[in-house]
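Chemist: Got a structure for you, structure_3.csv, holding CSV, C-alpha atoms.
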```
chain,number,residue,atom,x,y,z
A,926,MET,CA,-4.1,-89.8,-24.7
A,927,GLY,CA,-2.9,-90.9,-21.2
A,928,THR,CA,0.7,-90.5,-22.3
A,929,ALA,CA,0.1,-87.0,-23.6
A,930,ARG,CA,-1.6,-86.0,-20.4
A,931,ALA,CA,1.3,-87.5,-18.3
A,932,ALA,CA,3.8,-85.6,-20.5
A,933,MET,CA,1.9,-82.4,-20.1
A,934,ALA,CA,1.7,-82.9,-16.3
A,935,HIS,CA,5.4,-83.5,-16.1
A,936,PHE,CA,6.2,-80.4,-18.1
A,937,ILE,CA,3.9,-78.3,-15.9
A,938,TRP,CA,5.5,-79.6,-12.7
A,939,THR,CA,9.0,-79.2,-14.0
A,940,SER,CA,8.3,-75.6,-14.9
A,941,ILE,CA,6.9,-75.0,-11.4
A,942,ALA,CA,10.1,-76.5,-9.9
A,943,LEU,CA,12.3,-74.3,-12.0
A,944,VAL,CA,10.4,-71.2,-11.0
A,945,PHE,CA,10.6,-72.3,-7.4
A,946,ILE,CA,14.3,-72.8,-7.6
A,947,LEU,CA,14.7,-69.4,-9.3
A,948,ILE,CA,12.7,-67.6,-6.6
A,949,VAL,CA,14.7,-69.3,-3.8
A,950,SER,CA,18.0,-68.4,-5.5
A,951,CYS,CA,16.9,-64.7,-5.6
A,952,LEU,CA,15.8,-64.8,-1.9
A,953,THR,CA,19.0,-66.5,-0.9
A,954,TYR,CA,21.0,-63.8,-2.7
A,955,VAL,CA,19.0,-61.0,-1.0
A,956,PHE,CA,19.4,-62.6,2.4
A,957,ILE,CA,23.1,-63.2,2.2
A,958,THR,CA,23.9,-59.7,0.9
A,959,LYS,CA,22.0,-58.1,3.8
A,960,VAL,CA,23.5,-60.2,6.6
A,961,PRO,CA,26.6,-58.5,8.2
A,962,GLY,CA,29.7,-60.5,7.8
A,963,CYS,CA,28.4,-62.6,4.9
A,964,PRO,CA,30.4,-62.3,1.7
A,965,ARG,CA,28.6,-60.7,-1.1
A,966,ILE,CA,27.8,-62.8,-4.2
A,967,SER,CA,29.3,-61.8,-7.5
A,968,ILE,CA,27.0,-61.0,-10.4
A,969,LEU,CA,26.7,-64.1,-12.6
A,970,ASN,CA,26.8,-64.0,-16.3
A,971,ASP,CA,24.6,-66.2,-18.5
A,972,SER,CA,26.9,-69.1,-18.6
A,973,ALA,CA,27.3,-69.1,-14.9
A,974,ILE,CA,23.6,-69.0,-14.3
A,975,GLY,CA,23.1,-71.9,-16.7
A,976,SER,CA,25.8,-73.9,-15.0
A,977,MET,CA,24.2,-73.2,-11.6
A,978,PHE,CA,20.8,-74.5,-12.7
A,979,ARG,CA,22.3,-77.6,-14.3
A,980,GLN,CA,24.0,-78.3,-11.0
A,981,ARG,CA,20.8,-77.8,-9.0
A,982,LEU,CA,18.7,-80.0,-11.3
A,983,PHE,CA,21.2,-82.9,-11.1
A,984,ARG,CA,20.8,-82.8,-7.3
A,985,GLU,CA,18.1,-84.7,-5.5
A,986,HIS,CA,14.7,-83.1,-6.2
A,987,TRP,CA,11.2,-84.5,-5.6
A,988,LEU,CA,7.6,-83.5,-6.1
A,989,PHE,CA,4.8,-85.3,-4.4
A,990,THR,CA,1.1,-84.5,-4.5
A,991,ALA,CA,-1.4,-85.5,-1.7
A,992,ARG,CA,-3.7,-88.4,-2.6
A,993,GLY,CA,-5.4,-89.0,0.7
A,994,TYR,CA,-4.7,-89.3,4.4
A,995,ASN,CA,-4.3,-92.0,7.0
A,996,LEU,CA,-7.4,-92.3,9.2
A,997,SER,CA,-5.5,-93.3,12.3
A,998,ASP,CA,-2.9,-90.5,12.6
A,999,ASN,CA,-3.9,-87.9,9.9
A,1000,ARG,CA,-0.7,-88.3,7.9
A,1001,LEU,CA,-1.0,-87.3,4.3
A,1002,ILE,CA,-0.5,-90.0,1.7
A,1003,TRP,CA,1.6,-88.9,-1.3
A,1004,GLU,CA,2.0,-89.8,-4.9
A,1005,ASP,CA,5.3,-89.2,-6.8
A,1006,GLU,CA,4.6,-86.9,-9.7
A,1007,TRP,CA,7.9,-87.6,-11.4
A,1008,HIS,CA,7.7,-91.4,-11.2
A,1009,GLY,CA,8.9,-92.8,-14.5
A,1010,TYR,CA,10.7,-89.6,-15.6
A,1011,ARG,CA,14.0,-89.8,-13.7
A,1012,VAL,CA,17.0,-91.8,-14.7
A,1013,ASN,CA,17.1,-93.4,-11.3
A,1014,ASP,CA,13.4,-94.2,-10.8
A,1015,GLU,CA,13.8,-95.2,-7.2
A,1016,SER,CA,11.4,-93.2,-5.0
A,1017,ILE,CA,12.1,-91.9,-1.5
A,1018,LEU,CA,8.6,-92.8,-0.5
A,1019,ASP,CA,8.3,-95.8,1.7
A,1020,HIS,CA,5.7,-98.6,1.2
A,1021,THR,CA,3.0,-96.7,2.9
A,1022,ASN,CA,3.5,-93.6,0.7
A,1023,MET,CA,3.4,-91.5,3.9
A,1024,LEU,CA,7.1,-91.3,4.8
A,1025,MET,CA,9.8,-89.7,2.7
A,1026,ILE,CA,13.2,-91.3,3.5
A,1027,ILE,CA,16.2,-89.1,2.5
A,1028,ARG,CA,19.0,-90.9,0.6
A,1029,GLU,CA,21.8,-88.3,0.6
A,1030,LYS,CA,23.3,-86.2,3.4
A,1031,GLY,CA,22.8,-82.5,2.8
A,1032,VAL,CA,20.8,-79.3,3.3
A,1033,TYR,CA,17.3,-79.6,1.8
A,1034,LEU,CA,14.9,-76.9,0.9
A,1035,ILE,CA,11.3,-78.0,1.4
A,1036,TYR,CA,8.1,-76.3,0.4
A,1037,ILE,CA,4.7,-77.7,1.6
A,1038,GLN,CA,1.3,-76.4,0.5
A,1039,VAL,CA,-2.0,-77.9,1.7
A,1040,ASN,CA,-5.3,-76.7,0.3
A,1041,PHE,CA,-8.5,-77.2,2.3
A,1042,GLN,CA,-12.1,-77.1,0.9
A,1043,LEU,CA,-14.3,-76.0,3.8
A,1044,ASN,CA,-18.0,-76.6,3.7
A,1045,PRO,CA,-20.5,-74.6,5.8
A,1046,GLU,CA,-22.8,-77.6,6.1
A,1047,LYS,CA,-20.1,-79.5,8.0
A,1048,ASN,CA,-18.5,-76.6,9.9
A,1049,ASN,CA,-21.8,-75.0,11.0
A,1050,SER,CA,-20.4,-71.5,10.6
A,1051,SER,CA,-18.0,-72.0,13.5
A,1052,PRO,CA,-14.3,-71.2,13.4
A,1053,VAL,CA,-12.1,-74.0,11.9
A,1054,ASP,CA,-8.5,-74.4,13.1
A,1055,LEU,CA,-6.2,-75.5,10.3
A,1056,LYS,CA,-2.9,-77.1,11.3
A,1057,LEU,CA,0.1,-78.3,9.3
A,1058,LEU,CA,2.6,-80.4,11.3
A,1059,VAL,CA,5.9,-81.9,10.2
A,1060,ASP,CA,7.1,-85.1,11.8
A,1061,PHE,CA,10.9,-85.4,11.4
A,1062,HIS,CA,13.1,-88.4,12.5
A,1063,SER,CA,16.8,-88.2,12.2
A,1064,ASP,CA,19.8,-89.9,13.9
A,1065,GLY,CA,17.4,-91.5,16.5
A,1066,HIS,CA,15.8,-88.2,17.4
A,1067,LYS,CA,12.2,-87.3,16.8
A,1068,GLN,CA,10.7,-83.9,16.3
A,1069,LEU,CA,7.1,-82.9,15.7
A,1070,PHE,CA,6.7,-79.2,15.1
A,1071,ALA,CA,3.9,-76.9,13.9
A,1072,ALA,CA,4.9,-75.6,10.4
A,1073,ALA,CA,1.8,-73.5,9.8
A,1074,HIS,CA,-1.6,-72.8,11.3
A,1075,ASP,CA,-4.7,-70.6,10.6
A,1076,THR,CA,-8.3,-70.1,11.7
A,1077,GLN,CA,-11.1,-69.8,9.1
A,1078,VAL,CA,-14.7,-69.0,9.5
A,1079,VAL,CA,-17.0,-70.6,7.0
A,1080,ILE,CA,-20.2,-68.5,6.6
A,1081,ASP,CA,-22.6,-69.3,3.7
A,1082,SER,CA,-20.7,-71.0,0.9
A,1083,PRO,CA,-17.8,-73.5,0.4
A,1084,GLN,CA,-14.5,-71.8,0.5
A,1085,ASP,CA,-10.8,-72.7,-0.1
A,1086,ALA,CA,-8.2,-72.2,2.5
A,1087,LYS,CA,-4.4,-72.7,2.2
A,1088,LEU,CA,-1.5,-73.4,4.5
A,1089,ASN,CA,2.1,-73.3,3.3
A,1090,THR,CA,5.6,-73.2,4.6
A,1091,PHE,CA,9.2,-73.1,3.5
A,1092,LEU,CA,11.7,-75.3,5.5
A,1093,LEU,CA,15.5,-75.4,5.3
A,1094,MET,CA,16.6,-78.6,7.0
A,1095,LYS,CA,19.9,-80.4,7.4
A,1096,MET,CA,19.3,-84.1,7.0
A,1097,GLN,CA,21.2,-87.4,7.0
A,1098,PRO,CA,20.8,-90.6,5.0
A,1099,THR,CA,17.6,-92.4,6.3
A,1100,SER,CA,16.2,-89.1,7.8
A,1101,GLN,CA,12.4,-89.4,7.6
A,1102,ILE,CA,9.8,-86.7,7.0
A,1103,SER,CA,6.0,-87.0,7.1
A,1104,VAL,CA,3.2,-84.4,7.1
A,1105,ILE,CA,0.2,-84.3,9.5
A,1106,VAL,CA,-2.7,-82.0,8.8
A,1107,PHE,CA,-5.9,-81.1,10.7
A,1108,PRO,CA,-8.8,-81.4,9.7
A,1109,SER,CA,-7.6,-84.0,7.3
A,1110,GLU,CA,-11.0,-84.7,5.8
A,1111,PHE,CA,-11.1,-81.3,4.2
A,1112,VAL,CA,-7.7,-81.5,2.4
A,1113,ASN,CA,-8.0,-81.0,-1.4
A,1114,CYS,CA,-6.5,-84.1,-3.0
A,1115,LYS,CA,-7.7,-83.4,-6.5
A,1116,PRO,CA,-5.0,-84.2,-9.1
A,1117,GLN,CA,-4.4,-80.7,-10.4
A,1118,PRO,CA,-1.5,-78.2,-10.3
A,1119,PHE,CA,-1.4,-76.1,-7.2
A,1120,SER,CA,-3.5,-78.5,-5.1
A,1121,SER,CA,-1.8,-80.0,-2.0
A,1122,PHE,CA,1.9,-80.9,-2.6
A,1123,ILE,CA,5.4,-81.0,-1.3
A,1124,THR,CA,8.7,-80.2,-3.1
A,1125,ILE,CA,12.0,-81.3,-1.8
A,1126,VAL,CA,15.3,-80.0,-3.3
A,1127,LYS,CA,18.8,-80.7,-2.1
A,1128,TRP,CA,20.3,-77.3,-1.9
A,1129,ALA,CA,23.8,-77.9,-0.6
A,1130,ASP,CA,26.0,-80.7,0.8
A,1131,ASP,CA,26.4,-78.8,4.1
A,1132,TRP,CA,25.5,-75.6,5.9
```
Would you mind writing the file out in structure tokens?

Modeler:
Amino acid sequence: MGTARAAMAHFIWTSIALVFILIVSCLTYVFITKVPGCPRISILNDSAIGSMFRQRLFREHWLFTARGYNLSDNRLIWEDEWHGYRVNDESILDHTNMLMIIREKGVYLIYIQVNFQLNPEKNNSSPVDLKLLVDFHSDGHKQLFAAAHDTQVVIDSPQDAKLNTFLLMKMQPTSQISVIVFPSEFVNCKPQPFSSFITIVKWADDW
């Protein structure tokens, strides 16, 4: 039963990743064709599209779901959803499961989604500031930047709120990423599709 559930979860997340890559490919095509000076992309036939997706899938790609947070600094703690399904099963998570350490130089497309479950009994009907920060270390430089934020008012019933962001980042081997959220105690960490997660896909070798 556990094996069947794990296989189904792997199938669902793989499907999500494929749809994610397809959407990004379409957006990239639209963006490039509208920017002056950028060469237009030729229309691809079926075999070319299949080849493109095979090349993308063989690149570095990761999917992590939130399983908690660190009480001292509000960093999310992650779990590798594809652990045990890759040929090379080495994860990019460090021993704390908070830092993701990149292995290959390249341009990475990152999508982060954090779901919050807000409770009026804890929030007293006052505005709640939701923040999603990305802590990025690379080549000895540190950057902490706000990736998304919102303000929610909880009135009379529990409600869900969501922060999400797309990032396109050039990274080096040993570059590190972690995610900090506020208020951390309201993050939805239930093990279900479309809860709180991060996907990392190597998009190109360089800009």

Chemist: Need the shell around segment 1071-1076 of chain A: protein/DNA/RNA residues with any atom at most 6 Å away, counting only C-alpha atoms. Skip same-chain ones fewer than 6 positions apart. Format as a list in words?

Modeler: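 Selected residues are Val1053, Asp1054, Leu1055, Lys1056, Leu1057 and Leu1058 of chain A.
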
Chemist: Expressed in Å to a single decimal, how great is the separation between atom CA of Val1126 of chain A and atom CA of Gly1065 of chain A?

Modeler: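 Between atom CA of Val1126 of chain A and atom CA of Gly1065 of chain A the gap works out to 23.0 Å.
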
Chemist: Rank nothing, just name the residue among A:Ser1121, A:Leu1024, A:Gln1042, A:Ile1017 nearest to Asp1085 of chain A, using only C-alpha atoms.

Modeler: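 Looking only at the distances to Asp1085 of chain A, the closest residue turns out to be A:Gln1042.
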
Chemist: I'd like the interatomic distance between atom CA of Asp1064 of chain A and atom CA of Trp1007 of chain A, to a tenth of an Å.

Modeler: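 Taking atom CA of Asp1064 of chain A and atom CA of Trp1007 of chain A, their separation equals 28.1 Å.
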
Chemist: Between A:Leu1043, A:Gln1068, A:Leu1034, A:Ile1026, which residue has the minimum interatomic distance to Glu1110 of chain A, considering all atoms listed in the file?

Modeler: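 Closest residue, counting all atoms listed in the file: A:Leu1043.
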
Chemist: Which protein, DNA or RNA residues are at most 7 Å from (18.2, -88.2, 0.9) in the file's coordinates when you count all atoms listed in the file, listed as a VMD selection string?

Modeler: chain A and resid 1026 to 1030 1097 to 1099

Chemist: Can I get the selected residues back with C-alpha atoms, as a PDB file, in the coordinates of the input?

Modeler:
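File written: out33.pdb
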```pdb
ATOM      1  CA  ILE A1026      13.200 -91.300   3.500  1.00  0.00           C
ATOM      2  CA  ILE A1027      16.200 -89.100   2.500  1.00  0.00           C
ATOM      3  CA  ARG A1028      19.000 -90.900   0.600  1.00  0.00           C
ATOM      4  CA  GLU A1029      21.800 -88.300   0.600  1.00  0.00           C
ATOM      5  CA  LYS A1030      23.300 -86.200   3.400  1.00  0.00           C
ATOM      6  CA  GLN A1097      21.200 -87.400   7.000  1.00  0.00           C
ATOM      7  CA  PRO A1098      20.800 -90.600   5.000  1.00  0.00           C
ATOM      8  CA  THR A1099      17.600 -92.400   6.300  1.00  0.00           C
TER       9      THR A1099
END
```
